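Enquirer: What follows is the file query_37.txt, containing compact mmCIF, C-alpha atoms:
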```txt
# COMPACT_ATOMS: atom_id res chain seq x y z
CA MET A 21 -14.98 17.56 1.83
CA LEU A 22 -14.00 14.43 -0.04
CA PRO A 23 -13.94 11.02 1.68
CA ILE A 24 -10.96 9.75 3.67
CA VAL A 25 -9.25 6.71 2.13
CA ASP A 26 -6.70 4.43 3.81
CA ALA A 27 -4.08 3.48 1.22
CA GLN A 28 -3.24 0.12 2.80
CA VAL A 29 -4.92 -2.32 5.16
CA HIS A 30 -4.38 -6.07 5.27
CA ILE A 31 -7.44 -8.27 5.74
CA TRP A 32 -7.26 -12.06 6.00
CA ALA A 33 -8.85 -15.25 7.29
CA ALA A 34 -7.68 -17.71 9.94
CA ASP A 35 -5.35 -20.62 9.18
CA THR A 36 -7.71 -23.62 9.08
CA PRO A 37 -7.66 -27.12 7.54
CA GLN A 38 -10.32 -25.93 5.10
CA ARG A 39 -8.23 -22.90 4.09
CA PRO A 40 -4.64 -23.45 5.23
CA TRP A 41 -1.91 -20.89 4.94
CA PRO A 42 1.10 -21.98 2.89
CA ARG A 43 3.94 -23.69 4.75
CA GLY A 44 7.55 -22.74 4.37
CA GLN A 45 10.33 -24.90 3.05
CA GLY A 46 10.31 -28.38 4.57
CA GLY A 47 6.75 -28.01 5.84
CA LEU A 48 7.64 -25.31 8.35
CA LYS A 49 4.94 -23.28 10.05
CA PRO A 50 3.53 -20.38 8.03
CA LEU A 51 4.79 -16.87 8.57
CA PRO A 52 3.37 -15.35 11.77
CA PRO A 53 0.55 -12.87 11.23
CA HIS A 54 0.71 -9.29 12.47
CA ARG A 55 -2.22 -10.03 14.77
CA ALA A 56 -3.50 -13.24 16.36
CA VAL A 57 -7.09 -12.40 15.41
CA PRO A 58 -7.55 -11.72 11.69
CA ILE A 59 -8.84 -8.38 10.47
CA SER A 60 -11.94 -9.20 8.45
CA SER A 61 -13.77 -6.90 6.09
CA ASP A 62 -16.61 -6.60 8.63
CA SER A 63 -14.32 -5.74 11.55
CA LEU A 64 -12.45 -3.24 9.40
CA LEU A 65 -15.70 -1.57 8.34
CA ARG A 66 -16.67 -1.15 11.99
CA GLU A 67 -13.35 0.54 12.78
CA MET A 68 -13.57 2.74 9.71
CA ASP A 69 -17.14 3.79 10.47
CA ALA A 70 -16.21 4.72 14.03
CA LEU A 71 -13.56 7.15 12.73
CA GLY A 72 -15.22 8.45 9.60
CA ILE A 73 -12.81 6.64 7.27
CA ASP A 74 -14.79 6.09 4.11
CA ARG A 75 -12.70 3.77 1.98
CA ALA A 76 -9.65 1.51 2.04
CA PHE A 77 -7.37 -0.29 -0.36
CA VAL A 78 -7.26 -3.84 0.99
CA ILE A 79 -4.25 -6.07 0.39
CA PRO A 80 -3.74 -9.74 1.25
CA PRO A 81 -0.86 -10.28 3.71
CA SER A 82 2.18 -12.36 2.87
CA TRP A 83 1.38 -15.14 5.36
CA GLU A 84 -1.66 -16.12 3.28
CA GLY A 85 0.45 -16.67 0.19
CA GLU A 86 -0.41 -15.55 -3.34
CA ARG A 87 -4.18 -15.60 -2.88
CA ASN A 88 -6.67 -12.80 -3.33
CA ASP A 89 -10.04 -14.34 -2.47
CA ILE A 90 -10.59 -12.38 0.76
CA VAL A 91 -9.82 -8.92 -0.65
CA LEU A 92 -11.77 -9.56 -3.84
CA ALA A 93 -14.79 -10.72 -1.85
CA ALA A 94 -14.62 -7.56 0.26
CA ALA A 95 -14.35 -5.31 -2.80
CA ARG A 96 -17.23 -7.05 -4.55
CA GLU A 97 -19.49 -6.94 -1.50
CA HIS A 98 -18.64 -3.31 -0.70
CA PRO A 99 -17.57 -1.71 -4.00
CA HIS A 100 -17.86 1.84 -2.62
CA ARG A 101 -15.78 1.02 0.47
CA PHE A 102 -13.02 -1.37 -0.59
CA ALA A 103 -10.64 -1.63 -3.55
CA ALA A 104 -8.48 -4.75 -3.85
CA VAL A 105 -4.75 -4.71 -4.59
CA GLY A 106 -3.85 -8.34 -5.12
CA ARG A 107 -0.75 -10.50 -5.11
CA LEU A 108 0.64 -12.02 -8.29
CA ASP A 109 2.81 -15.14 -8.22
CA LEU A 110 5.68 -13.91 -10.39
CA ASP A 111 7.03 -17.43 -10.83
CA ALA A 112 3.76 -18.90 -12.06
CA PRO A 113 3.89 -20.12 -15.68
CA GLN A 114 0.84 -18.02 -16.56
CA ALA A 115 1.89 -14.87 -14.66
CA ARG A 116 2.12 -12.68 -17.75
CA GLU A 117 -1.30 -13.78 -18.99
CA GLN A 118 -2.79 -13.26 -15.53
CA LEU A 119 -1.44 -9.71 -15.43
CA GLU A 120 -2.93 -8.94 -18.83
CA ARG A 121 -6.38 -9.83 -17.45
CA TRP A 122 -5.76 -8.49 -13.93
CA LEU A 123 -8.21 -5.60 -14.01
CA ASP A 124 -10.95 -7.80 -15.47
CA GLN A 125 -11.48 -9.10 -11.94
CA PRO A 126 -14.33 -7.06 -10.38
CA GLY A 127 -12.98 -5.00 -7.50
CA MET A 128 -9.30 -5.37 -8.45
CA PHE A 129 -7.33 -2.13 -8.81
CA GLY A 130 -3.65 -3.11 -8.74
CA VAL A 131 -0.84 -5.52 -7.93
CA GLN A 132 1.14 -5.75 -4.69
CA LEU A 133 4.80 -6.77 -5.04
CA THR A 134 7.06 -7.47 -2.07
CA PHE A 135 10.85 -7.45 -2.33
CA GLN A 136 11.82 -6.65 1.25
CA THR A 137 13.72 -9.82 2.26
CA PRO A 138 16.72 -11.69 0.77
CA LEU A 139 14.38 -14.50 -0.27
CA ASN A 140 11.63 -12.56 -2.00
CA GLU A 141 13.90 -9.89 -3.53
CA LYS A 142 15.42 -12.35 -6.00
CA PRO A 143 12.97 -11.88 -8.90
CA LEU A 144 13.73 -8.14 -8.83
CA VAL A 145 17.49 -8.13 -8.26
CA GLU A 146 18.11 -11.02 -10.67
CA GLY A 147 16.22 -9.24 -13.44
CA ARG A 148 13.67 -12.04 -13.86
CA ILE A 149 10.62 -9.78 -14.04
CA GLU A 150 11.59 -7.34 -16.77
CA TRP A 151 8.48 -8.53 -18.63
CA LEU A 152 6.25 -7.20 -15.85
CA TRP A 153 6.84 -3.46 -16.30
CA PRO A 154 5.83 -3.14 -19.98
CA THR A 155 2.92 -5.52 -19.44
CA ALA A 156 1.58 -3.51 -16.50
CA GLU A 157 2.08 -0.32 -18.50
CA LYS A 158 0.26 -1.69 -21.55
CA PHE A 159 -2.73 -2.95 -19.58
CA GLY A 160 -2.91 -0.05 -17.13
CA VAL A 161 -2.25 -2.06 -13.97
CA PRO A 162 -0.97 0.10 -11.07
CA ILE A 163 1.88 -1.49 -9.12
CA HIS A 164 2.36 -1.19 -5.34
CA VAL A 165 5.89 -2.10 -4.23
CA TYR A 166 7.23 -2.94 -0.77
CA LEU A 167 11.03 -2.87 -0.78
CA PRO A 168 14.01 -1.27 1.01
CA HIS A 169 15.67 1.93 -0.12
CA ARG A 170 18.67 0.07 -1.55
CA HIS A 171 16.52 -1.46 -4.30
CA LEU A 172 14.77 1.74 -5.34
CA PRO A 173 17.16 2.36 -8.28
CA LEU A 174 15.79 -0.82 -9.90
CA ILE A 175 12.25 0.51 -9.65
CA GLU A 176 13.35 3.95 -10.82
CA ARG A 177 14.86 2.40 -13.93
CA ALA A 178 11.56 0.69 -14.73
CA ALA A 179 9.61 3.91 -14.11
CA ALA A 180 11.93 5.86 -16.41
CA ARG A 181 11.69 3.31 -19.21
CA HIS A 182 7.91 3.01 -18.94
CA PRO A 183 6.37 6.44 -18.31
CA GLY A 184 2.85 5.05 -18.55
CA LEU A 185 3.53 2.64 -15.69
CA LYS A 186 2.08 3.73 -12.34
CA VAL A 187 4.16 2.76 -9.30
CA ALA A 188 3.31 3.46 -5.64
CA ILE A 189 6.09 2.86 -3.09
CA ASN A 190 4.80 1.37 0.17
CA HIS A 191 5.69 2.96 3.51
CA LEU A 192 8.20 5.42 1.98
CA ALA A 193 10.36 2.32 1.28
CA LEU A 194 10.91 1.76 5.00
CA THR A 195 11.50 -1.86 5.98
CA GLY A 196 13.13 -3.75 8.83
CA ALA A 197 13.47 -2.78 12.47
CA LYS A 198 15.43 0.48 12.30
CA LYS A 199 13.92 3.62 13.80
CA ASP A 200 14.21 7.39 13.40
CA ASP A 201 17.41 8.65 11.72
CA GLU A 202 18.64 5.12 11.01
CA ALA A 203 15.39 4.19 9.28
CA PHE A 204 15.41 7.33 7.13
CA ALA A 205 19.15 7.40 6.40
CA ASP A 206 18.64 6.64 2.70
CA LEU A 207 15.48 8.70 2.18
CA ASP A 208 17.25 10.64 -0.59
CA LYS A 209 16.97 7.54 -2.78
CA LEU A 210 13.20 7.82 -2.52
CA LEU A 211 13.12 11.59 -3.01
CA ALA A 212 15.14 11.23 -6.21
CA MET A 213 12.28 9.25 -7.71
CA ALA A 214 9.93 12.22 -7.47
CA ARG A 215 11.22 13.46 -10.82
CA HIS A 216 9.27 10.63 -12.43
CA ARG A 217 5.64 11.72 -12.55
CA ASN A 218 4.48 8.10 -12.67
CA VAL A 219 5.85 7.37 -9.18
CA ALA A 220 3.86 8.02 -6.00
CA VAL A 221 4.46 7.21 -2.35
CA LYS A 222 2.35 5.76 0.40
CA ALA A 223 2.93 7.62 3.68
CA SER A 224 1.80 4.53 5.54
CA CYS A 225 2.86 2.57 8.63
CA LEU A 226 5.14 5.46 9.65
CA PRO A 227 4.68 5.29 13.46
CA LEU A 228 6.34 1.87 13.31
CA TYR A 229 9.62 3.52 12.30
CA THR A 230 10.12 5.87 15.23
CA THR A 231 10.78 5.60 18.96
CA ASP A 232 8.68 8.72 19.43
CA THR A 233 5.12 8.73 20.72
CA TYR A 234 2.01 10.39 19.37
CA PRO A 235 1.86 12.83 17.60
CA TYR A 236 5.22 11.51 16.31
CA ARG A 237 6.89 14.84 15.76
CA ARG A 238 10.21 13.16 14.92
CA LEU A 239 8.52 11.95 11.74
CA HIS A 240 7.31 15.37 10.65
CA PRO A 241 10.59 16.65 9.11
CA TYR A 242 10.80 13.52 6.96
CA LEU A 243 7.18 13.96 5.93
CA ARG A 244 7.94 17.52 4.91
CA ARG A 245 10.80 16.39 2.68
CA VAL A 246 8.55 13.82 1.02
CA TYR A 247 5.80 16.41 0.60
CA ASP A 248 8.21 18.94 -0.91
CA ALA A 249 9.45 16.34 -3.41
CA PHE A 250 6.26 14.56 -4.44
CA GLY A 251 3.56 17.09 -3.60
CA PRO A 252 0.12 16.23 -2.22
CA LYS A 253 -1.16 14.63 -5.43
CA ARG A 254 1.42 11.81 -5.27
CA MET A 255 1.47 11.27 -1.51
CA PHE A 256 -1.10 8.81 -0.14
CA TRP A 257 -2.04 8.57 3.54
CA GLY A 258 -2.34 5.05 4.92
CA THR A 259 -1.89 3.01 8.07
CA ASP A 260 -1.04 -0.64 7.36
CA LEU A 261 -3.37 -1.07 10.31
CA SER A 262 -2.30 -4.55 11.43
CA ARG A 263 1.24 -3.29 12.16
CA LEU A 264 0.28 0.10 13.55
CA PRO A 265 1.88 0.63 17.02
CA CYS A 266 -0.84 3.11 17.97
CA THR A 267 -4.60 3.37 17.68
CA TYR A 268 -6.30 3.73 14.35
CA ARG A 269 -7.56 7.12 15.50
CA GLU A 270 -4.00 8.31 16.19
CA GLY A 271 -2.82 7.04 12.82
CA LEU A 272 -5.51 9.19 11.25
CA SER A 273 -5.33 12.32 13.40
CA MET A 274 -1.55 12.52 13.09
CA PHE A 275 -2.19 13.73 9.53
CA THR A 276 -5.53 15.47 9.90
CA GLU A 277 -4.73 17.41 13.10
CA GLU A 278 -1.02 17.38 13.94
CA VAL A 279 0.85 18.52 10.81
CA PRO A 280 0.32 22.30 10.79
CA TRP A 281 1.89 23.01 7.41
CA LEU A 282 -0.62 20.84 5.53
CA THR A 283 -3.36 23.03 4.07
CA THR A 284 -6.98 21.98 3.76
CA VAL A 285 -6.46 21.36 0.06
CA ASP A 286 -3.28 19.34 0.78
CA LYS A 287 -5.18 17.10 3.16
CA GLU A 288 -8.01 16.64 0.68
CA TRP A 289 -5.51 15.16 -1.76
CA ILE A 290 -3.31 13.23 0.68
CA MET A 291 -6.16 11.77 2.72
CA GLY A 292 -7.97 10.21 -0.21
CA ARG A 293 -8.47 12.10 -3.42
CA ALA A 294 -4.98 11.48 -4.78
CA ILE A 295 -4.92 7.70 -4.44
CA CYS A 296 -8.42 7.32 -5.84
CA GLU A 297 -7.65 9.41 -8.89
CA TRP A 298 -4.34 7.56 -9.33
CA HIS A 299 -6.26 4.27 -9.56
CA GLY A 300 -9.34 5.54 -11.35
CA TRP A 301 -11.64 4.70 -8.43
CA HIS A 302 -14.61 7.05 -8.78
CA LEU A 303 -14.78 9.18 -5.66
CA PRO A 304 -18.18 10.74 -4.91
CA ARG A 305 -18.34 13.58 -2.48
CA LYS A 306 -19.87 12.92 0.90
CA GLY A 307 -23.62 13.13 0.62
CA ASP A 308 -23.70 11.67 -2.90
CA ASN A 309 -25.46 8.37 -3.52
CA GLY A 310 -23.51 5.23 -2.62
CA ASP A 311 -22.03 3.97 0.63
CA ALA A 312 -19.06 6.34 0.64
```
Please express the file's structure as structure tokens.
Expert:
Amino acid sequence: MLPIVDAQVHIWAADTPQRPWPRGQGGLKPLPPHRAVPISSDSLLREMDALGIDRAFVIPPSWEGERNDIVLAAAREHPHRFAAVGRLDLDAPQAREQLERWLDQPGMFGVQLTFQTPLNEKPLVEGRIEWLWPTAEKFGVPIHVYLPHRHLPLIERAAARHPGLKVAINHLALTGAKKDDEAFADLDKLLAMARHRNVAVKASCLPLYTTDTYPYRRLHPYLRRVYDAFGPKRMFWGTDLSRLPCTYREGLSMFTEEVPWLTTVDKEWIMGRAICEWHGWHLPRKGDNGDA
């Protein structure tokens, strides 16, 4: 059996005078974190070890701003356990040059882009980042995107124009506070993107988008539609642990134990092999040398 890999977990440090979080406009307080106590790399490793989760893609949260020091430190200290997906300041004067050298950073495996609010969607909807897609394609930088269904056609256009560009859609493009049928009302926009072989989806944070309780059977029909469209090799299990409205164990066992139509081979891909191959993160089998 291949290792289990969480496609998305935020880790961060506390807001301190020595390392302050960015303030909003007019010196407002920083965005509130998902949890009062930060998830550190050490605390995450303890939770992963307790459940047999071998690896995780770690992503800095938005309330820390465009900084990647915590995730890069984790990936460098534990290169067989953590892969960093960092944030890029798209408005920075040197953004293009930074992206060209992005994968030169030890432990860095991709870029996280967030376009889920009226404020941070502007670079995408105003067409100010058309340079990003060919640059990421040329330099082999995988892109993770968090955005609502209504903006998926913009990402689909980029994927169609740049077939060598790898794009992973966070949380099945679910955003906001809607639940169940309301949350998934525009799922067809996501399913339409499956025709582009360079697009994958992260089946992450899903319990947040239902009023159901574990094992979240209201989610299963939507999962089946995503599976039928993308297949197990482009469908990545993940939790977005800091927002998970259930235990880490339930977020894991929902996929490993409660979806009867997933075969053993399906779960091997969805639970870790697919996302590691997508990013070129060497994945030894359990029992091989290394800390996986």
Enquirer: Here is a test: counting all atoms listed in the file, which residue of A:Tyr242, A:Gly127, A:Leu133, A:Glu67 is nearest to A:Glu97?
Expert: A:Gly127
Enquirer: Name the closest residue to A:Lys199 among the candidates A:Ala103, A:Leu167, A:Ile175, A:Leu226; distances are taken between atoms, counting only C-alpha atoms.
Expert: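 Of A:Ala103, A:Leu167, A:Ile175, A:Leu226, the one nearest A:Lys199, counting only C-alpha atoms, is A:Leu226.
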Enquirer: How close does stretch 187-258 of chain A get to stretch 270-286 of chain A? List, as JSON lines, each residue of stretch 187-258 of chain A within 12 Å, its nearest atom pair and the distance in Å to one decimal, counting only C-alpha atoms.
Expert:
```
{"residue": "A:Ala223", "atom": "CA", "partner": "A:Phe275", "partner_atom": "CA", "distance": 9.9}
{"residue": "A:Ser224", "atom": "CA", "partner": "A:Gly271", "partner_atom": "CA", "distance": 9.0}
{"residue": "A:Cys225", "atom": "CA", "partner": "A:Gly271", "partner_atom": "CA", "distance": 8.4}
{"residue": "A:Leu226", "atom": "CA", "partner": "A:Gly271", "partner_atom": "CA", "distance": 8.7}
{"residue": "A:Pro227", "atom": "CA", "partner": "A:Gly271", "partner_atom": "CA", "distance": 7.7}
{"residue": "A:Leu228", "atom": "CA", "partner": "A:Gly271", "partner_atom": "CA", "distance": 10.5}
{"residue": "A:Thr233", "atom": "CA", "partner": "A:Glu270", "partner_atom": "CA", "distance": 10.2}
{"residue": "A:Tyr234", "atom": "CA", "partner": "A:Glu270", "partner_atom": "CA", "distance": 7.1}
{"residue": "A:Pro235", "atom": "CA", "partner": "A:Met274", "partner_atom": "CA", "distance": 5.7}
{"residue": "A:Tyr236", "atom": "CA", "partner": "A:Met274", "partner_atom": "CA", "distance": 7.6}
{"residue": "A:Arg237", "atom": "CA", "partner": "A:Glu278", "partner_atom": "CA", "distance": 8.5}
{"residue": "A:Arg238", "atom": "CA", "partner": "A:Val279", "partner_atom": "CA", "distance": 11.5}
{"residue": "A:Leu239", "atom": "CA", "partner": "A:Val279", "partner_atom": "CA", "distance": 10.1}
{"residue": "A:His240", "atom": "CA", "partner": "A:Val279", "partner_atom": "CA", "distance": 7.2}
{"residue": "A:Pro241", "atom": "CA", "partner": "A:Val279", "partner_atom": "CA", "distance": 10.1}
{"residue": "A:Tyr242", "atom": "CA", "partner": "A:Val279", "partner_atom": "CA", "distance": 11.8}
{"residue": "A:Leu243", "atom": "CA", "partner": "A:Val279", "partner_atom": "CA", "distance": 9.2}
{"residue": "A:Arg244", "atom": "CA", "partner": "A:Trp281", "partner_atom": "CA", "distance": 8.5}
{"residue": "A:Tyr247", "atom": "CA", "partner": "A:Leu282", "partner_atom": "CA", "distance": 9.2}
{"residue": "A:Asp248", "atom": "CA", "partner": "A:Leu282", "partner_atom": "CA", "distance": 11.1}
{"residue": "A:Phe250", "atom": "CA", "partner": "A:Asp286", "partner_atom": "CA", "distance": 11.9}
{"residue": "A:Gly251", "atom": "CA", "partner": "A:Asp286", "partner_atom": "CA", "distance": 8.4}
{"residue": "A:Pro252", "atom": "CA", "partner": "A:Asp286", "partner_atom": "CA", "distance": 5.5}
{"residue": "A:Lys253", "atom": "CA", "partner": "A:Asp286", "partner_atom": "CA", "distance": 8.1}
{"residue": "A:Arg254", "atom": "CA", "partner": "A:Asp286", "partner_atom": "CA", "distance": 10.7}
{"residue": "A:Met255", "atom": "CA", "partner": "A:Asp286", "partner_atom": "CA", "distance": 9.6}
{"residue": "A:Phe256", "atom": "CA", "partner": "A:Asp286", "partner_atom": "CA", "distance": 10.8}
{"residue": "A:Trp257", "atom": "CA", "partner": "A:Phe275", "partner_atom": "CA", "distance": 7.9}
{"residue": "A:Gly258", "atom": "CA", "partner": "A:Gly271", "partner_atom": "CA", "distance": 8.2}
```
Enquirer: Would you work out the distance separating atom CA of A:Lys287 from atom CA of A:Ala205, expressed in Å to one decimal?
Expert: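 Spanning atom CA of A:Lys287 to atom CA of A:Ala205 is a straight-line distance of 26.4 Å.
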Enquirer: Give me the residues of stretch 136-201 of chain A that have any atom at most 10 Å from an atom of stretch 215-220 of chain A; for each, the nearest atom pair and the distance in Å, rounded to one decimal. Use all atoms listed in the file, sort by chain and number, and format it as a Markdown table.
Expert:
```
| residue | atom | partner | partner_atom | distance |
| --- | --- | --- | --- | --- |
| A:Pro162 | CA | A:Asn218 | CA | 9.8 |
| A:Ile163 | CA | A:Val219 | CA | 9.7 |
| A:His164 | CA | A:Ala220 | CA | 9.4 |
| A:Ile175 | CA | A:Val219 | CA | 9.4 |
| A:Glu176 | CA | A:His216 | CA | 8.0 |
| A:Ala179 | CA | A:Asn218 | CA | 6.8 |
| A:Ala180 | CA | A:His216 | CA | 6.8 |
| A:His182 | CA | A:Asn218 | CA | 8.8 |
| A:Pro183 | CA | A:Asn218 | CA | 6.2 |
| A:Gly184 | CA | A:Asn218 | CA | 6.8 |
| A:Leu185 | CA | A:Asn218 | CA | 6.3 |
| A:Lys186 | CA | A:Asn218 | CA | 5.0 |
| A:Val187 | CA | A:Val219 | CA | 4.9 |
| A:Ala188 | CA | A:Ala220 | CA | 4.6 |
| A:Ile189 | CA | A:Ala220 | CA | 6.3 |
| A:Asn190 | CA | A:Ala220 | CA | 9.1 |
| A:Leu192 | CA | A:Ala220 | CA | 9.4 |
```
Enquirer: Could you complete stretch 232-263 of chain A so that it carries N, CA and C atoms, and give it back as a PDB file, in the frame of the given file?
Expert:
```
ATOM      1  N   ASP A 232       9.503   7.640  18.895  1.00  0.00           N
ATOM      2  CA  ASP A 232       8.680   8.720  19.430  1.00  0.00           C
ATOM      3  C   ASP A 232       7.268   8.223  19.720  1.00  0.00           C
ATOM      4  N   THR A 233       6.515   9.033  20.446  1.00  0.00           N
ATOM      5  CA  THR A 233       5.120   8.730  20.720  1.00  0.00           C
ATOM      6  C   THR A 233       4.233   9.769  20.034  1.00  0.00           C
ATOM      7  N   TYR A 234       2.958   9.484  20.018  1.00  0.00           N
ATOM      8  CA  TYR A 234       2.010  10.390  19.370  1.00  0.00           C
ATOM      9  C   TYR A 234       2.172  11.806  19.912  1.00  0.00           C
ATOM     10  N   PRO A 235       2.173  12.827  19.046  1.00  0.00           N
ATOM     11  CA  PRO A 235       1.860  12.830  17.600  1.00  0.00           C
ATOM     12  C   PRO A 235       3.056  12.610  16.674  1.00  0.00           C
ATOM     13  N   TYR A 236       4.110  11.945  17.163  1.00  0.00           N
ATOM     14  CA  TYR A 236       5.220  11.510  16.310  1.00  0.00           C
ATOM     15  C   TYR A 236       5.916  12.661  15.598  1.00  0.00           C
ATOM     16  N   ARG A 237       6.302  13.655  16.378  1.00  0.00           N
ATOM     17  CA  ARG A 237       6.890  14.840  15.760  1.00  0.00           C
ATOM     18  C   ARG A 237       8.267  14.564  15.139  1.00  0.00           C
ATOM     19  N   ARG A 238       8.943  13.504  15.570  1.00  0.00           N
ATOM     20  CA  ARG A 238      10.210  13.160  14.920  1.00  0.00           C
ATOM     21  C   ARG A 238      10.008  12.765  13.458  1.00  0.00           C
ATOM     22  N   LEU A 239       8.813  12.325  13.120  1.00  0.00           N
ATOM     23  CA  LEU A 239       8.520  11.950  11.740  1.00  0.00           C
ATOM     24  C   LEU A 239       8.238  13.147  10.844  1.00  0.00           C
ATOM     25  N   HIS A 240       7.800  14.252  11.434  1.00  0.00           N
ATOM     26  CA  HIS A 240       7.310  15.370  10.650  1.00  0.00           C
ATOM     27  C   HIS A 240       8.345  15.964   9.689  1.00  0.00           C
ATOM     28  N   PRO A 241       9.621  16.123  10.081  1.00  0.00           N
ATOM     29  CA  PRO A 241      10.590  16.650   9.110  1.00  0.00           C
ATOM     30  C   PRO A 241      10.768  15.744   7.894  1.00  0.00           C
ATOM     31  N   TYR A 242      10.701  14.433   8.096  1.00  0.00           N
ATOM     32  CA  TYR A 242      10.800  13.520   6.960  1.00  0.00           C
ATOM     33  C   TYR A 242       9.565  13.642   6.071  1.00  0.00           C
ATOM     34  N   LEU A 243       8.410  13.768   6.700  1.00  0.00           N
ATOM     35  CA  LEU A 243       7.180  13.960   5.930  1.00  0.00           C
ATOM     36  C   LEU A 243       7.261  15.220   5.085  1.00  0.00           C
ATOM     37  N   ARG A 244       7.835  16.271   5.658  1.00  0.00           N
ATOM     38  CA  ARG A 244       7.940  17.520   4.910  1.00  0.00           C
ATOM     39  C   ARG A 244       8.836  17.347   3.686  1.00  0.00           C
ATOM     40  N   ARG A 245       9.917  16.614   3.823  1.00  0.00           N
ATOM     41  CA  ARG A 245      10.800  16.390   2.680  1.00  0.00           C
ATOM     42  C   ARG A 245      10.095  15.593   1.594  1.00  0.00           C
ATOM     43  N   VAL A 246       9.313  14.607   1.992  1.00  0.00           N
ATOM     44  CA  VAL A 246       8.550  13.820   1.020  1.00  0.00           C
ATOM     45  C   VAL A 246       7.495  14.695   0.344  1.00  0.00           C
ATOM     46  N   TYR A 247       6.804  15.496   1.136  1.00  0.00           N
ATOM     47  CA  TYR A 247       5.800  16.410   0.600  1.00  0.00           C
ATOM     48  C   TYR A 247       6.426  17.394  -0.391  1.00  0.00           C
ATOM     49  N   ASP A 248       7.554  17.974  -0.037  1.00  0.00           N
ATOM     50  CA  ASP A 248       8.210  18.940  -0.910  1.00  0.00           C
ATOM     51  C   ASP A 248       8.639  18.304  -2.228  1.00  0.00           C
ATOM     52  N   ALA A 249       8.992  17.023  -2.192  1.00  0.00           N
ATOM     53  CA  ALA A 249       9.450  16.340  -3.410  1.00  0.00           C
ATOM     54  C   ALA A 249       8.296  15.867  -4.278  1.00  0.00           C
ATOM     55  N   PHE A 250       7.329  15.202  -3.675  1.00  0.00           N
ATOM     56  CA  PHE A 250       6.260  14.560  -4.440  1.00  0.00           C
ATOM     57  C   PHE A 250       5.006  15.414  -4.560  1.00  0.00           C
ATOM     58  N   GLY A 251       4.781  16.300  -3.594  1.00  0.00           N
ATOM     59  CA  GLY A 251       3.560  17.090  -3.600  1.00  0.00           C
ATOM     60  C   GLY A 251       2.365  16.274  -3.115  1.00  0.00           C
ATOM     61  N   PRO A 252       1.258  16.920  -2.804  1.00  0.00           N
ATOM     62  CA  PRO A 252       0.120  16.230  -2.220  1.00  0.00           C
ATOM     63  C   PRO A 252      -0.614  15.292  -3.174  1.00  0.00           C
ATOM     64  N   LYS A 253      -0.433  15.462  -4.477  1.00  0.00           N
ATOM     65  CA  LYS A 253      -1.160  14.630  -5.430  1.00  0.00           C
ATOM     66  C   LYS A 253      -0.486  13.281  -5.680  1.00  0.00           C
ATOM     67  N   ARG A 254       0.737  13.111  -5.140  1.00  0.00           N
ATOM     68  CA  ARG A 254       1.420  11.810  -5.270  1.00  0.00           C
ATOM     69  C   ARG A 254       1.890  11.318  -3.902  1.00  0.00           C
ATOM     70  N   MET A 255       1.148  11.670  -2.877  1.00  0.00           N
ATOM     71  CA  MET A 255       1.470  11.270  -1.510  1.00  0.00           C
ATOM     72  C   MET A 255       0.174  10.761  -0.870  1.00  0.00           C
ATOM     73  N   PHE A 256       0.136   9.458  -0.556  1.00  0.00           N
ATOM     74  CA  PHE A 256      -1.100   8.810  -0.140  1.00  0.00           C
ATOM     75  C   PHE A 256      -1.027   8.434   1.349  1.00  0.00           C
ATOM     76  N   TRP A 257      -1.967   8.959   2.134  1.00  0.00           N
ATOM     77  CA  TRP A 257      -2.040   8.570   3.540  1.00  0.00           C
ATOM     78  C   TRP A 257      -2.504   7.122   3.667  1.00  0.00           C
ATOM     79  N   GLY A 258      -1.912   6.408   4.624  1.00  0.00           N
ATOM     80  CA  GLY A 258      -2.340   5.050   4.920  1.00  0.00           C
ATOM     81  C   GLY A 258      -1.821   4.614   6.269  1.00  0.00           C
ATOM     82  N   THR A 259      -2.277   3.456   6.733  1.00  0.00           N
ATOM     83  CA  THR A 259      -1.890   3.010   8.070  1.00  0.00           C
ATOM     84  C   THR A 259      -1.158   1.672   8.100  1.00  0.00           C
ATOM     85  N   ASP A 260      -1.477   0.744   7.187  1.00  0.00           N
ATOM     86  CA  ASP A 260      -1.040  -0.640   7.360  1.00  0.00           C
ATOM     87  C   ASP A 260      -1.474  -1.092   8.748  1.00  0.00           C
ATOM     88  N   LEU A 261      -2.767  -1.017   8.986  1.00  0.00           N
ATOM     89  CA  LEU A 261      -3.370  -1.070  10.310  1.00  0.00           C
ATOM     90  C   LEU A 261      -2.875  -2.217  11.184  1.00  0.00           C
ATOM     91  N   SER A 262      -2.678  -3.395  10.612  1.00  0.00           N
ATOM     92  CA  SER A 262      -2.300  -4.550  11.430  1.00  0.00           C
ATOM     93  C   SER A 262      -0.938  -4.405  12.075  1.00  0.00           C
ATOM     94  N   ARG A 263      -0.077  -3.518  11.557  1.00  0.00           N
ATOM     95  CA  ARG A 263       1.240  -3.290  12.160  1.00  0.00           C
ATOM     96  C   ARG A 263       1.325  -1.973  12.918  1.00  0.00           C
TER      97      ARG A 263
END
```
